[in-house]
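For reference, the structure discussed in these notes is given below.
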Amino acid sequence: VGNVDEDAHVISEDGDKIDASLNMLVAIEEQQVAVHAALLGEEGEQSKFEAAGRRFDEYSAKLQQQELSEAEQAEFEELQGQHEQYSTIAQELFTALEAGDMEQAQVKSDELDAIVTDTKDSAQTLEQAAIEDKEASVVAADSTTQTAQLEVLGLTIGAF
């Protein structure tokens, strides 16, 4: 029973990793939408960008609390670095827009487009790794449960 409980906790933690990585991906996409809307002249997009950045940081902190495999940790660190670079360049874009320098803003937008693809790929890779961990944990839990059921059946038969 203790092993089944332990396996259930591992599955829950894997679910938390999936949730955090998926929400980080959503935050990245929200930031990308805010950048493009700002380029089109929409008002208030910098604050939307910053709010999405805070959500990214929140879920990043949650993911950091999880036990990550070596590969997950490497991908997570790469994702954090990419996101930091993306945020810095986006701030430069917003500064250029505020100054009315559309040419510089477009240059920064092009830089962001190049980074965002890698950033999304890293977030999706991290999410996929968490999904694979969860699937492996479910298989382990099923095996543990089946073993426990057979042991109980054996004890029951042995008692008669």
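Convention: chains lettered A, B, ... in structure tokens order; per-chain residue numbering from 1; ligands numbered from 1 as shown.
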
For the contact check between stretch 22-86 of chain A and stretch 107-112 of chain A, emit one row per residue of stretch 22-86 of chain A within 12 Å, containing the shortest atom pair and the distance in Å rounded to one decimal, counting only C-alpha atoms, chain then rising number order, as JSON lines.
{"residue": "A:Ile28", "atom": "CA", "partner": "A:Leu112", "partner_atom": "CA", "distance": 11.3}
{"residue": "A:Glu29", "atom": "CA", "partner": "A:Leu112", "partner_atom": "CA", "distance": 11.9}
{"residue": "A:Gln31", "atom": "CA", "partner": "A:Leu112", "partner_atom": "CA", "distance": 10.5}
{"residue": "A:Gln32", "atom": "CA", "partner": "A:Leu112", "partner_atom": "CA", "distance": 8.4}
{"residue": "A:Val33", "atom": "CA", "partner": "A:Ser109", "partner_atom": "CA", "distance": 11.6}
{"residue": "A:Ala34", "atom": "CA", "partner": "A:Ser109", "partner_atom": "CA", "distance": 11.5}
{"residue": "A:Val35", "atom": "CA", "partner": "A:Ser109", "partner_atom": "CA", "distance": 7.7}
{"residue": "A:His36", "atom": "CA", "partner": "A:Ser109", "partner_atom": "CA", "distance": 8.0}
{"residue": "A:Ala37", "atom": "CA", "partner": "A:Ser109", "partner_atom": "CA", "distance": 11.4}
{"residue": "A:Ala38", "atom": "CA", "partner": "A:Ser109", "partner_atom": "CA", "distance": 10.4}
{"residue": "A:Leu39", "atom": "CA", "partner": "A:Ser109", "partner_atom": "CA", "distance": 8.3}
{"residue": "A:Leu40", "atom": "CA", "partner": "A:Ser109", "partner_atom": "CA", "distance": 11.7}
{"residue": "A:Gln82", "atom": "CA", "partner": "A:Leu112", "partner_atom": "CA", "distance": 10.3}
{"residue": "A:His83", "atom": "CA", "partner": "A:Leu112", "partner_atom": "CA", "distance": 10.2}
{"residue": "A:Glu84", "atom": "CA", "partner": "A:Leu112", "partner_atom": "CA", "distance": 11.5}
{"residue": "A:Gln85", "atom": "CA", "partner": "A:Leu112", "partner_atom": "CA", "distance": 8.9}
{"residue": "A:Tyr86", "atom": "CA", "partner": "A:Leu112", "partner_atom": "CA", "distance": 6.1}

Problem set entry | Residue neighbourhood stretch 55-69 of chain A, 6 Å, only C-alpha atoms, exclusion window fewer than 5 positions, as a PyMOL selection string | chain A and resi 17+20+24+27

Exercise. A:Arg54, A:Asp19, A:Glu75, A:Glu30: which is nearest A:Thr125, counting only C-alpha atoms?
Worked result: A:Glu75

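Atom pair atom CA of A:Ile131 / atom CA of A:Gly15: separated by 7.8 Å.
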